[in-house]
$ cat upload-v5.csv   # CSV, C-alpha atoms
chain,number,residue,atom,x,y,z
A,1,MET,CA,0.0,0.0,0.0
A,2,LYS,CA,2.7,2.5,1.1
A,3,THR,CA,5.0,1.4,-1.6
A,4,ALA,CA,2.3,1.8,-4.3
A,5,LEU,CA,1.3,5.2,-3.1
A,6,ALA,CA,4.8,6.6,-2.8
A,7,SER,CA,5.7,5.2,-6.2
A,8,LEU,CA,2.6,6.6,-7.8
A,9,LEU,CA,3.1,10.1,-6.3
A,10,VAL,CA,6.8,10.3,-7.3
A,11,ILE,CA,6.2,8.9,-10.8
A,12,LEU,CA,3.3,11.3,-11.3
A,13,SER,CA,5.5,14.2,-10.2
A,14,TYR,CA,8.2,13.3,-12.7
A,15,THR,CA,6.2,12.1,-15.7
A,16,LEU,CA,3.8,15.0,-15.5
A,17,HIS,CA,6.7,17.4,-15.2
A,18,ALA,CA,8.3,15.9,-18.3
A,19,GLN,CA,5.1,16.3,-20.3
A,20,ASN,CA,4.7,19.9,-19.4
A,21,LEU,CA,8.2,21.4,-19.7
A,22,ASN,CA,6.8,24.5,-21.2
A,23,SER,CA,4.1,25.1,-18.8
A,24,ARG,CA,4.4,27.3,-15.8
A,25,HIS,CA,5.0,25.2,-12.7
A,26,LYS,CA,3.5,26.3,-9.5
A,27,ILE,CA,4.3,25.8,-5.9
A,28,ASN,CA,2.4,27.1,-2.9
A,29,ILE,CA,3.1,27.0,0.8
A,30,GLY,CA,0.2,27.0,3.2
A,31,LEU,CA,-0.3,27.3,6.9
A,32,GLY,CA,-3.4,25.9,8.5
A,33,VAL,CA,-5.3,23.6,10.8
A,34,GLY,CA,-6.4,20.1,9.8
A,35,MET,CA,-5.0,16.7,8.8
A,36,ASP,CA,-3.8,18.1,5.5
A,37,TYR,CA,-1.6,20.5,7.5
A,38,GLY,CA,-0.3,17.8,9.8
A,39,GLY,CA,-2.6,19.1,12.5
A,40,LEU,CA,-1.5,22.6,13.1
A,41,GLY,CA,1.2,23.2,10.6
A,42,GLY,CA,2.2,23.8,7.0
A,43,ARG,CA,1.8,22.2,3.6
A,44,VAL,CA,3.9,22.4,0.4
A,45,THR,CA,2.0,21.8,-2.8
A,46,TYR,CA,3.6,21.4,-6.2
A,47,LEU,CA,1.5,21.5,-9.3
A,48,PRO,CA,3.4,19.8,-12.2
A,49,ILE,CA,0.3,20.5,-14.4
A,50,GLU,CA,-2.5,22.9,-13.9
A,51,ARG,CA,-5.0,20.4,-12.6
A,52,LEU,CA,-2.8,18.2,-10.4
A,53,GLY,CA,-1.2,19.1,-7.1
A,54,LEU,CA,1.2,16.9,-5.2
A,55,PHE,CA,1.7,17.9,-1.6
A,56,ALA,CA,3.4,17.0,1.7
A,57,CYS,CA,2.5,18.5,5.0
A,58,ALA,CA,3.7,18.4,8.6
A,59,GLY,CA,2.6,19.9,11.9
A,60,TYR,CA,1.7,19.3,15.5
A,61,ASN,CA,-1.2,16.9,16.0
A,62,LEU,CA,-1.7,17.2,19.7
A,63,ASN,CA,0.5,14.2,20.4
A,64,GLY,CA,3.5,14.8,18.3
A,65,VAL,CA,4.5,15.4,14.7
A,66,GLY,CA,1.8,14.7,12.2
A,67,TYR,CA,2.4,14.4,8.5
A,68,ASN,CA,0.7,13.4,5.3
A,69,ALA,CA,1.5,13.3,1.6
A,70,GLY,CA,-0.9,13.1,-1.2
A,71,ALA,CA,-2.4,14.5,-4.4
A,72,GLN,CA,-5.2,16.8,-5.5
A,73,PHE,CA,-7.1,16.9,-8.7
A,74,LEU,CA,-8.4,20.4,-9.4
A,75,PHE,CA,-11.3,21.8,-11.3
A,76,PRO,CA,-10.2,25.4,-11.6
A,77,LYS,CA,-12.6,28.3,-12.5
A,78,ASN,CA,-11.2,31.8,-12.6
A,79,ARG,CA,-10.2,32.7,-9.0
A,80,HIS,CA,-11.5,29.7,-7.3
A,81,ALA,CA,-11.4,25.9,-7.6
A,82,PHE,CA,-12.9,22.8,-6.3
A,83,TYR,CA,-10.7,19.7,-6.0
A,84,LEU,CA,-10.6,16.1,-5.0
A,85,THR,CA,-7.8,15.1,-2.7
A,86,ALA,CA,-6.3,11.9,-1.3
A,87,MET,CA,-3.4,11.4,1.0
A,88,TYR,CA,-1.6,9.0,3.2
A,89,GLY,CA,-0.3,9.7,6.6
A,90,TYR,CA,-1.7,10.3,10.1
A,91,ASN,CA,-5.5,10.4,10.2
A,92,ALA,CA,-6.3,9.8,13.9
A,93,VAL,CA,-4.8,10.7,17.3
A,94,LEU,CA,-5.7,9.5,20.7
A,95,VAL,CA,-4.5,11.5,23.7
A,96,MET,CA,-5.1,10.1,27.2
A,97,THR,CA,-4.8,12.2,30.3
A,98,GLY,CA,-5.2,11.3,34.0
A,99,ASP,CA,-3.9,7.8,35.0
A,100,SER,CA,-1.5,7.8,32.0
A,101,ASN,CA,-0.4,10.7,30.0
A,102,ASP,CA,0.0,8.9,26.8
A,103,GLY,CA,-1.2,9.1,23.3
A,104,GLY,CA,-1.3,7.3,19.9
A,105,ILE,CA,-0.9,8.4,16.3
A,106,TYR,CA,-2.5,6.2,13.7
A,107,TYR,CA,-1.9,6.2,9.9
A,108,GLY,CA,-4.0,5.5,6.9
A,109,VAL,CA,-5.6,6.9,3.8
A,110,THR,CA,-7.7,10.0,3.9
A,111,ALA,CA,-9.8,11.3,1.0
A,112,GLY,CA,-12.0,14.4,0.6
A,113,VAL,CA,-13.0,17.4,-1.3
A,114,GLY,CA,-11.6,20.9,-1.2
A,115,TYR,CA,-12.3,24.4,-2.2
A,116,LEU,CA,-10.0,27.3,-2.6
A,117,PHE,CA,-10.4,30.9,-3.6
A,118,LYS,CA,-7.7,33.4,-4.5
A,119,ILE,CA,-7.2,36.7,-2.7
A,120,GLY,CA,-5.4,39.6,-4.4
A,121,SER,CA,-3.1,39.5,-7.4
A,122,ARG,CA,-0.2,37.4,-6.1
A,123,GLY,CA,-2.2,34.2,-6.3
A,124,ASN,CA,-2.5,33.6,-2.6
A,125,PHE,CA,-5.6,31.8,-1.5
A,126,TRP,CA,-7.7,30.5,1.3
A,127,ASN,CA,-8.2,26.7,1.3
A,128,PHE,CA,-11.0,24.6,2.9
A,129,GLU,CA,-11.3,20.8,2.9
A,130,LEU,CA,-13.8,18.2,4.0
A,131,LEU,CA,-11.9,15.0,4.7
A,132,VAL,CA,-12.9,11.4,5.3
A,133,PRO,CA,-10.3,9.4,7.1
A,134,PHE,CA,-10.2,5.7,6.6
A,135,ARG,CA,-8.9,4.8,10.0
A,136,ASN,CA,-7.2,1.4,10.6
A,137,SER,CA,-8.1,-1.4,13.0
A,138,ASN,CA,-5.4,-0.4,15.5
A,139,PHE,CA,-7.2,2.9,16.0
A,140,TYR,CA,-10.6,1.3,16.5
A,141,ASP,CA,-9.2,-1.4,18.8
A,142,ASP,CA,-7.5,1.2,21.1
A,143,TYR,CA,-10.5,3.6,20.9
A,144,ASP,CA,-12.9,0.9,21.8
A,145,ALA,CA,-10.6,-0.2,24.7
A,146,LEU,CA,-10.5,3.3,26.1
A,147,ASN,CA,-14.2,3.6,25.8
A,148,SER,CA,-14.7,0.2,27.5
A,149,MET,CA,-12.5,1.3,30.3
A,150,GLY,CA,-14.8,4.3,30.9
A,151,THR,CA,-12.3,6.9,29.8
A,152,ASN,CA,-14.0,10.2,29.0
A,153,MET,CA,-13.7,10.6,25.3
A,154,SER,CA,-15.2,12.6,22.6
A,155,ALA,CA,-16.6,10.6,19.8
A,156,ALA,CA,-14.3,9.9,16.8
A,157,LEU,CA,-15.8,12.1,14.1
A,158,PRO,CA,-16.1,10.3,10.7
A,159,VAL,CA,-15.1,13.4,8.9
A,160,GLY,CA,-12.5,16.1,9.4
A,161,PHE,CA,-12.3,19.7,8.4
A,162,SER,CA,-9.4,21.9,7.5
A,163,VAL,CA,-8.7,25.5,6.8
A,164,GLY,CA,-5.5,27.2,5.7
A,165,TYR,CA,-4.0,30.1,3.9
A,166,HIS,CA,-1.6,29.6,1.1
A,167,PHE,CA,1.2,31.7,-0.4
A,168,SER,CA,1.9,31.2,-4.0
A,169,VAL,CA,5.7,30.9,-4.4
A,170,ARG,CA,5.9,31.0,-8.2
B,1,MET,CA,12.2,24.4,-9.6
B,2,LYS,CA,14.0,21.1,-10.3
B,3,THR,CA,15.5,21.1,-6.8
B,4,MET,CA,12.1,21.8,-5.3
B,5,ARG,CA,10.6,18.9,-7.3
B,6,HIS,CA,13.3,16.5,-6.1
B,7,LEU,CA,12.9,17.7,-2.6
B,8,LEU,CA,9.2,17.2,-2.6
B,9,ALA,CA,9.6,13.7,-4.1
B,10,ALA,CA,12.1,12.9,-1.4
B,11,ILE,CA,9.8,14.2,1.3
B,12,ILE,CA,6.8,12.2,0.0
B,13,VAL,CA,8.8,9.0,0.0
B,14,VAL,CA,10.3,9.6,3.5
B,15,LEU,CA,7.0,10.6,5.0
B,16,ILE,CA,5.0,7.7,3.6
B,17,PHE,CA,7.6,5.1,4.5
B,18,SER,CA,8.0,6.4,8.0
B,19,CYS,CA,4.3,6.0,8.8
B,20,GLN,CA,3.9,3.4,11.5
B,21,ASP,CA,1.2,3.5,14.1
B,22,ASP,CA,2.4,4.7,17.4
B,23,ARG,CA,-0.3,3.1,19.5
B,24,ILE,CA,-1.5,4.3,22.8
B,25,LYS,CA,-0.1,2.4,25.7
B,26,LEU,CA,-3.1,0.9,27.5
B,27,PRO,CA,-2.5,-0.4,31.0
B,28,PRO,CA,-1.7,-4.1,30.8
B,29,VAL,CA,-3.6,-6.7,32.9
B,30,MET,CA,-1.3,-8.7,35.2
B,31,ALA,CA,-1.9,-11.8,37.3
B,32,SER,CA,-0.7,-12.6,40.8
B,33,PRO,CA,0.6,-15.2,41.0
B,34,SER,CA,1.6,-15.1,37.4
B,35,ILE,CA,2.1,-18.9,37.2
B,36,VAL,CA,-0.3,-21.5,38.7
B,37,ILE,CA,1.4,-24.7,40.0
B,38,LEU,CA,-0.9,-27.4,41.4
B,39,ARG,CA,-0.6,-30.9,42.6
B,40,SER,CA,-2.9,-33.7,43.8
B,41,ASP,CA,-3.2,-32.4,47.3
B,42,TYR,CA,-3.4,-28.7,46.2
B,43,LEU,CA,-5.8,-28.5,43.3
B,44,GLU,CA,-6.9,-24.9,43.3
B,45,GLN,CA,-5.2,-21.5,43.3
B,46,TYR,CA,-6.6,-18.0,43.9
B,47,VAL,CA,-5.4,-15.6,41.2
B,48,ASP,CA,-5.8,-11.8,41.2
B,49,LEU,CA,-6.2,-10.1,37.9
B,50,PHE,CA,-5.1,-6.5,38.3
B,51,ALA,CA,-4.1,-3.4,36.3
B,52,SER,CA,-2.9,0.0,37.4
B,53,THR,CA,-5.8,2.0,36.3
B,54,SER,CA,-9.0,3.4,37.8
B,55,GLY,CA,-10.8,2.5,34.6
B,56,THR,CA,-12.9,-0.6,34.1
B,57,ILE,CA,-11.0,-3.4,32.3
B,58,HIS,CA,-13.1,-6.4,31.3
B,59,TRP,CA,-11.7,-9.9,30.8
B,60,GLN,CA,-12.9,-13.2,29.6
B,61,VAL,CA,-11.4,-16.6,29.3
B,62,ILE,CA,-10.8,-17.5,25.7
B,63,TYR,CA,-8.8,-20.7,26.2
B,64,LYS,CA,-8.3,-23.2,28.9
B,65,PRO,CA,-7.5,-26.9,28.8
B,66,GLU,CA,-10.2,-29.5,29.6
B,67,TRP,CA,-8.6,-30.3,32.9
B,68,VAL,CA,-8.7,-26.7,34.2
B,69,ASP,CA,-11.8,-25.0,35.6
B,70,VAL,CA,-12.0,-21.3,36.2
B,71,ASN,CA,-14.8,-20.2,38.6
B,72,HIS,CA,-15.8,-17.3,36.4
B,73,MET,CA,-15.4,-17.1,32.7
B,74,SER,CA,-15.6,-13.3,32.5
B,75,GLY,CA,-15.4,-10.3,34.8
B,76,VAL,CA,-13.5,-7.1,35.5
B,77,VAL,CA,-10.0,-6.7,36.8
B,78,ASN,CA,-9.3,-5.3,40.3
B,79,ALA,CA,-12.5,-7.0,41.5
B,80,GLY,CA,-11.2,-9.8,43.7
B,81,PRO,CA,-9.5,-13.1,43.0
B,82,ILE,CA,-10.7,-15.8,40.6
B,83,VAL,CA,-10.1,-19.5,41.3
B,84,ILE,CA,-8.1,-21.7,38.9
B,85,LYS,CA,-8.7,-25.3,39.6
B,86,ALA,CA,-7.4,-28.6,38.2
B,87,ASP,CA,-10.0,-31.3,37.5
B,88,ILE,CA,-7.9,-34.4,37.6
B,89,THR,CA,-10.9,-36.8,37.7
B,90,GLY,CA,-10.0,-39.9,35.7
B,91,LEU,CA,-6.6,-38.7,34.8
B,92,LEU,CA,-3.6,-40.9,35.1
B,93,PRO,CA,-0.6,-39.9,37.3
B,94,GLN,CA,1.4,-37.5,35.2
B,95,THR,CA,2.5,-33.8,35.0
B,96,LEU,CA,0.3,-31.6,32.8
B,97,GLU,CA,1.2,-28.2,31.5
B,98,ASP,CA,-0.9,-25.7,29.5
B,99,ASN,CA,-2.1,-22.1,29.6
B,100,VAL,CA,-5.2,-20.2,30.5
B,101,VAL,CA,-5.6,-17.3,28.1
B,102,PHE,CA,-7.6,-14.3,29.0
B,103,LYS,CA,-8.7,-11.7,26.5
B,104,THR,CA,-8.9,-8.3,28.2
B,105,THR,CA,-9.9,-4.8,27.2
B,106,THR,CA,-6.2,-3.9,26.9
B,107,GLY,CA,-4.7,-7.1,25.5
B,108,ASP,CA,-4.3,-10.8,26.1
B,109,LEU,CA,-3.0,-12.3,29.3
B,110,THR,CA,-1.6,-15.8,29.5
B,111,ILE,CA,-1.3,-17.7,32.8
B,112,PRO,CA,0.8,-20.9,32.6
B,113,VAL,CA,-0.8,-23.8,34.6
B,114,LYS,CA,1.0,-26.9,35.7
B,115,VAL,CA,-0.4,-29.8,37.7
B,116,THR,CA,1.4,-32.8,39.0
B,117,ILE,CA,-1.0,-35.7,39.5
B,118,THR,CA,0.3,-38.1,42.1
B,119,THR,CA,-3.0,-39.4,43.5
B,120,SER,CA,-5.1,-40.7,40.7
B,121,THR,CA,-8.7,-41.8,40.5
B,122,ALA,CA,-8.1,-43.2,37.0
B,123,PHE,CA,-8.1,-46.8,38.4
B,124,LYS,CA,-10.6,-48.0,41.0
B,125,ILE,CA,-10.1,-50.9,43.4
B,126,SER,CA,-13.2,-52.4,44.8
B,127,PRO,CA,-13.9,-53.0,47.6
B,128,SER,CA,-11.8,-50.3,49.1
B,129,PRO,CA,-10.8,-50.5,51.9
B,130,MET,CA,-10.8,-54.3,52.3
B,131,VAL,CA,-11.5,-56.4,55.3
B,132,VAL,CA,-10.3,-60.0,55.5
B,133,ASN,CA,-12.3,-61.8,58.2
B,134,PHE,CA,-11.2,-64.6,60.5
B,135,ASP,CA,-12.4,-67.4,58.3
B,136,GLU,CA,-10.9,-66.1,55.1
B,137,SER,CA,-7.5,-66.5,53.8
B,138,THR,CA,-8.3,-65.3,50.3
B,139,MET,CA,-10.6,-62.9,48.7
B,140,LYS,CA,-11.4,-61.5,45.3
B,141,PHE,CA,-11.3,-57.9,44.4
B,142,THR,CA,-11.5,-55.9,41.1
B,143,ILE,CA,-9.4,-53.2,39.5
B,144,SER,CA,-11.0,-51.0,36.9
B,145,ASN,CA,-9.7,-48.5,34.5
B,146,VAL,CA,-12.2,-45.6,34.6
B,147,SER,CA,-9.9,-43.2,32.6
B,148,THR,CA,-9.9,-42.7,28.8
B,149,GLU,CA,-6.5,-44.1,28.4
B,150,SER,CA,-4.9,-47.5,28.7
B,151,ALA,CA,-2.3,-47.9,31.4
B,152,THR,CA,-0.1,-50.5,33.1
B,153,TRP,CA,-0.6,-51.2,36.7
B,154,GLN,CA,1.3,-52.8,39.5
B,155,ILE,CA,0.1,-53.6,43.1
B,156,THR,CA,2.6,-53.9,45.8
B,157,PRO,CA,1.5,-55.0,49.3
B,158,SER,CA,3.2,-53.4,52.3
B,159,ALA,CA,3.4,-56.6,54.3
B,160,ALA,CA,5.0,-60.0,53.4
B,161,TYR,CA,1.9,-61.9,54.7
B,162,VAL,CA,-0.2,-60.4,51.9
B,163,ALA,CA,0.1,-61.3,48.3
B,164,VAL,CA,-1.9,-60.2,45.2
B,165,THR,CA,-2.2,-62.3,42.1
B,166,PRO,CA,-1.6,-61.1,39.4
B,167,SER,CA,0.4,-58.3,40.8
B,168,TYR,CA,0.7,-56.4,37.6
B,169,GLY,CA,-0.9,-56.0,34.2
B,170,SER,CA,-2.4,-53.5,31.9
B,171,LEU,CA,-6.0,-52.3,31.3
B,172,ASN,CA,-7.5,-50.5,28.4
B,173,ALA,CA,-10.0,-47.7,29.1
B,174,GLY,CA,-13.1,-49.1,30.7
B,175,GLU,CA,-11.7,-52.6,31.3
B,176,THR,CA,-11.9,-54.4,34.7
B,177,SER,CA,-9.8,-57.3,36.0
B,178,THR,CA,-10.5,-59.5,39.0
B,179,LEU,CA,-7.5,-60.1,41.3
B,180,THR,CA,-6.9,-62.4,44.3
B,181,LEU,CA,-5.7,-61.3,47.7
B,182,ASP,CA,-4.0,-64.1,49.7
B,183,VAL,CA,-3.2,-63.8,53.4
B,184,ASP,CA,-0.6,-66.1,54.9
B,185,ARG,CA,-1.8,-66.4,58.5
B,186,SER,CA,0.9,-68.9,59.5
B,187,THR,CA,3.1,-66.2,61.0
B,188,LEU,CA,0.4,-63.9,62.4
B,189,GLU,CA,-0.7,-63.5,66.0
B,190,ALA,CA,-4.3,-63.4,67.2
B,191,LYS,CA,-4.9,-59.7,66.6
B,192,THR,CA,-6.0,-57.3,63.9
B,193,TYR,CA,-3.4,-56.4,61.3
B,194,SER,CA,-3.4,-53.6,58.8
B,195,ALA,CA,-1.6,-53.6,55.5
B,196,VAL,CA,-1.5,-51.3,52.5
B,197,LEU,CA,-1.7,-52.1,48.8
B,198,ASP,CA,0.2,-49.5,46.7
B,199,LEU,CA,-1.2,-49.1,43.3
B,200,ARG,CA,1.2,-47.8,40.7
B,201,LEU,CA,0.0,-46.7,37.3
B,202,ASP,CA,2.6,-46.4,34.5
B,203,GLY,CA,5.2,-46.4,37.3
B,204,TYR,CA,3.6,-43.5,39.3
B,205,LEU,CA,2.2,-44.2,42.8
B,206,ALA,CA,-1.6,-43.5,42.2
B,207,SER,CA,-3.3,-44.7,45.4
B,208,GLU,CA,-3.1,-46.7,48.5
B,209,THR,CA,-5.7,-49.2,49.6
B,210,THR,CA,-5.9,-50.3,53.2
B,211,VAL,CA,-6.4,-54.0,54.0
B,212,THR,CA,-7.6,-55.0,57.5
B,213,ILE,CA,-6.9,-58.5,58.5
B,214,ASN,CA,-8.7,-60.0,61.5
B,215,ASN,CA,-6.7,-62.8,62.9
$ encode --input "upload-v5.csv" --output "structure tokens"
Amino acid sequence: MKTALASLLVILSYTLHAQNLNSRHKINIGLGVGMDYGGLGGRVTYLPIERLGLFACAGYNLNGVGYNAGAQFLFPKNRHAFYLTAMYGYNAVLVMTGDSNDGGIYYGVTAGVGYLFKIGSRGNFWNFELLVPFRNSNFYDDYDALNSMGTNMSAALPVGFSVGYHFSVR
Amino acid sequence: MKTMRHLLAAIIVVLIFSCQDDRIKLPPVMASPSIVILRSDYLEQYVDLFASTSGTIHWQVIYKPEWVDVNHMSGVVNAGPIVIKADITGLLPQTLEDNVVFKTTTGDLTIPVKVTITTSTAFKISPSPMVVNFDESTMKFTISNVSTESATWQITPSAAYVAVTPSYGSLNAGETSTLTLDVDRSTLEAKTYSAVLDLRLDGYLASETTVTINN
């Protein structure tokens, strides 16, 4: 799974770049909150072609460093765009306080939809996403165990949201 | 741009390959004692299941051998001891070892259990105890294998004036043999004597049968 995803992203980045040597490549750097920013952190997105973005993000996820890497497929219209996104990386965190100050970080695939709209003339933009994490069995085993132990927990939301502001680099 | 592209590709590869769940450390359930050692004259052991948490951790027995009984098959930890007991009914003298496995909210717990059977009910001698009256110098009795396995047996009297014929043999599961007990009264005084028949199964001392001789 990991190998296939990493290979796909890297191959995409190189092959699409090769096919679009004359196009204007774009990179943007965003700061925001959500799984696609590693929690509270930043994201670097590279667009080898106009409709495709490849990104990596890292941040603080309440229990340590959270990171994700993935791709976006955009449907641009003037100064805004909708897009589909998928990534692999952390998609759940458990933090336990009280008896034991411990936490867990769980990894898996997350997919979702996003919307961005540009501000000003430099190409900077606000970015919003609705994400669906496909959490793994380790997460649910540990979550159920904590619930069964009577630990006060908030429900694991089936979706996540993110918001960020991106600076267009070139 | 080229450097950036290489850098991003490298970051993607590193990030994805370094993803490995860092699972939360749930308080493990432990047992005291952590090993149960039983024997024929000590067939049950109280065991505490505990964990260092104020939360409720459930447990249930998911595996135990047939010769082990647990007084509760499920419960919660930190709620008093459970009893692990060996049921050696019909088992031949031997040493058995296995595990009782508990599935708990925070993981599995395995308690090794060992029982050494020295007193066995796998063979029955009837009548037991025996009484040889004044007017008898011989009597018949039976030996039965009530276990599910075949075994060799040997009976050894504790006194020279008592003899058993035959004194050894083998019985399959469910079989019975009739034996003869002979008493040589020629050297005995006029009083009551007591002797013991040691029964060995597959070489292990399994039981002792008292024989009272009125002379």
$ closest_residue --input "upload-v5.csv" --among "A:Ala92, A:Ala58, A:Ala155, A:Val113" --to "Gly30 in chain A" --atoms "only C-alpha atoms"
A:Ala58
$ closest_residue --input "upload-v5.csv" --among "A:Gln72, A:Ser168, A:Met87, A:Asn78" --to "Cys57 in chain A" --atoms "all atoms listed in the file"
A:Met87
$ interface_residues --input "upload-v5.csv" --of "chain B" --to "chain A" --cutoff "12 Å" --atoms "only C-alpha atoms" --output "PDB file with C-alpha atoms, in the frame of the given file"
ATOM      1  CA  MET B   1      12.200  24.400  -9.600  1.00  0.00           C
ATOM      2  CA  LYS B   2      14.000  21.100 -10.300  1.00  0.00           C
ATOM      3  CA  THR B   3      15.500  21.100  -6.800  1.00  0.00           C
ATOM      4  CA  MET B   4      12.100  21.800  -5.300  1.00  0.00           C
ATOM      5  CA  ARG B   5      10.600  18.900  -7.300  1.00  0.00           C
ATOM      6  CA  HIS B   6      13.300  16.500  -6.100  1.00  0.00           C
ATOM      7  CA  LEU B   7      12.900  17.700  -2.600  1.00  0.00           C
ATOM      8  CA  LEU B   8       9.200  17.200  -2.600  1.00  0.00           C
ATOM      9  CA  ALA B   9       9.600  13.700  -4.100  1.00  0.00           C
ATOM     10  CA  ALA B  10      12.100  12.900  -1.400  1.00  0.00           C
ATOM     11  CA  ILE B  11       9.800  14.200   1.300  1.00  0.00           C
ATOM     12  CA  ILE B  12       6.800  12.200   0.000  1.00  0.00           C
ATOM     13  CA  VAL B  13       8.800   9.000   0.000  1.00  0.00           C
ATOM     14  CA  VAL B  14      10.300   9.600   3.500  1.00  0.00           C
ATOM     15  CA  LEU B  15       7.000  10.600   5.000  1.00  0.00           C
ATOM     16  CA  ILE B  16       5.000   7.700   3.600  1.00  0.00           C
ATOM     17  CA  PHE B  17       7.600   5.100   4.500  1.00  0.00           C
ATOM     18  CA  SER B  18       8.000   6.400   8.000  1.00  0.00           C
ATOM     19  CA  CYS B  19       4.300   6.000   8.800  1.00  0.00           C
ATOM     20  CA  GLN B  20       3.900   3.400  11.500  1.00  0.00           C
ATOM     21  CA  ASP B  21       1.200   3.500  14.100  1.00  0.00           C
ATOM     22  CA  ASP B  22       2.400   4.700  17.400  1.00  0.00           C
ATOM     23  CA  ARG B  23      -0.300   3.100  19.500  1.00  0.00           C
ATOM     24  CA  ILE B  24      -1.500   4.300  22.800  1.00  0.00           C
ATOM     25  CA  LYS B  25      -0.100   2.400  25.700  1.00  0.00           C
ATOM     26  CA  LEU B  26      -3.100   0.900  27.500  1.00  0.00           C
ATOM     27  CA  PRO B  27      -2.500  -0.400  31.000  1.00  0.00           C
ATOM     28  CA  PRO B  28      -1.700  -4.100  30.800  1.00  0.00           C
ATOM     29  CA  ALA B  51      -4.100  -3.400  36.300  1.00  0.00           C
ATOM     30  CA  SER B  52      -2.900   0.000  37.400  1.00  0.00           C
ATOM     31  CA  THR B  53      -5.800   2.000  36.300  1.00  0.00           C
ATOM     32  CA  SER B  54      -9.000   3.400  37.800  1.00  0.00           C
ATOM     33  CA  GLY B  55     -10.800   2.500  34.600  1.00  0.00           C
ATOM     34  CA  THR B  56     -12.900  -0.600  34.100  1.00  0.00           C
ATOM     35  CA  ILE B  57     -11.000  -3.400  32.300  1.00  0.00           C
ATOM     36  CA  HIS B  58     -13.100  -6.400  31.300  1.00  0.00           C
ATOM     37  CA  TRP B  59     -11.700  -9.900  30.800  1.00  0.00           C
ATOM     38  CA  VAL B  76     -13.500  -7.100  35.500  1.00  0.00           C
ATOM     39  CA  VAL B  77     -10.000  -6.700  36.800  1.00  0.00           C
ATOM     40  CA  LYS B 103      -8.700 -11.700  26.500  1.00  0.00           C
ATOM     41  CA  THR B 104      -8.900  -8.300  28.200  1.00  0.00           C
ATOM     42  CA  THR B 105      -9.900  -4.800  27.200  1.00  0.00           C
ATOM     43  CA  THR B 106      -6.200  -3.900  26.900  1.00  0.00           C
ATOM     44  CA  GLY B 107      -4.700  -7.100  25.500  1.00  0.00           C
TER      45      GLY B 107
END
$ residues_around --input "upload-v5.csv" --residues "range 157-165 of chain B" --least-positions-apart "2" --cutoff "9 Å" --atoms "all atoms listed in the file" --output "tab-separated table (two decimals) with C-alpha atoms, in the coordinates of the input"
chain	number	residue	atom	x	y	z
B	155	ILE	CA	0.10	-53.60	43.10
B	167	SER	CA	0.40	-58.30	40.80
B	168	TYR	CA	0.70	-56.40	37.60
B	179	LEU	CA	-7.50	-60.10	41.30
B	180	THR	CA	-6.90	-62.40	44.30
B	181	LEU	CA	-5.70	-61.30	47.70
B	182	ASP	CA	-4.00	-64.10	49.70
B	183	VAL	CA	-3.20	-63.80	53.40
B	184	ASP	CA	-0.60	-66.10	54.90
B	185	ARG	CA	-1.80	-66.40	58.50
B	186	SER	CA	0.90	-68.90	59.50
B	187	THR	CA	3.10	-66.20	61.00
B	188	LEU	CA	0.40	-63.90	62.40
B	194	SER	CA	-3.40	-53.60	58.80
B	195	ALA	CA	-1.60	-53.60	55.50
B	196	VAL	CA	-1.50	-51.30	52.50
B	197	LEU	CA	-1.70	-52.10	48.80
B	198	ASP	CA	0.20	-49.50	46.70
B	199	LEU	CA	-1.20	-49.10	43.30
$ residues_near_point --input "upload-v5.csv" --point "(-9.8, 34.2, -0.2)" --cutoff "12 Å" --atoms "all atoms listed in the file" --output "list in words"
Arg79, His80, Ala81, Tyr115, Leu116, Phe117, Lys118, Ile119, Gly120, Ser121, Arg122, Gly123, Asn124, Phe125, Trp126, Asn127, Phe128, Val163, Gly164, Tyr165, His166 and Phe167 of chain A
$ write_last_selection --input "upload-v5.csv" --atoms "C-alpha atoms" --output "short mmCIF file (atom, residue, chain, number, x, y, z; two decimals), in the coordinates of the input"
data_model
loop_
_atom_site.label_atom_id
_atom_site.label_comp_id
_atom_site.auth_asym_id
_atom_site.auth_seq_id
_atom_site.Cartn_x
_atom_site.Cartn_y
_atom_site.Cartn_z
CA ARG A 79 -10.20 32.70 -9.00
CA HIS A 80 -11.50 29.70 -7.30
CA ALA A 81 -11.40 25.90 -7.60
CA TYR A 115 -12.30 24.40 -2.20
CA LEU A 116 -10.00 27.30 -2.60
CA PHE A 117 -10.40 30.90 -3.60
CA LYS A 118 -7.70 33.40 -4.50
CA ILE A 119 -7.20 36.70 -2.70
CA GLY A 120 -5.40 39.60 -4.40
CA SER A 121 -3.10 39.50 -7.40
CA ARG A 122 -0.20 37.40 -6.10
CA GLY A 123 -2.20 34.20 -6.30
CA ASN A 124 -2.50 33.60 -2.60
CA PHE A 125 -5.60 31.80 -1.50
CA TRP A 126 -7.70 30.50 1.30
CA ASN A 127 -8.20 26.70 1.30
CA PHE A 128 -11.00 24.60 2.90
CA VAL A 163 -8.70 25.50 6.80
CA GLY A 164 -5.50 27.20 5.70
CA TYR A 165 -4.00 30.10 3.90
CA HIS A 166 -1.60 29.60 1.10
CA PHE A 167 1.20 31.70 -0.40
#
$ residues_around --input "upload-v5.csv" --residues "Gly41 in chain A" --least-positions-apart "5" --cutoff "8 Å" --atoms "only C-alpha atoms" --output "PyMOL selection string"
chain A and resi 31-33+57-60
$ atom_distance --input "upload-v5.csv" --atom1 "CA of Glu208 in chain B" --atom2 "CA of Ala173 in chain B"
20.6 Å
$ atom_distance --input "upload-v5.csv" --atom1 "CA of Arg43 in chain A" --atom2 "CA of Asn63 in chain A"
18.7 Å
$ atom_distance --input "upload-v5.csv" --atom1 "CA of Thr89 in chain B" --atom2 "CA of Leu205 in chain B"
15.9 Å
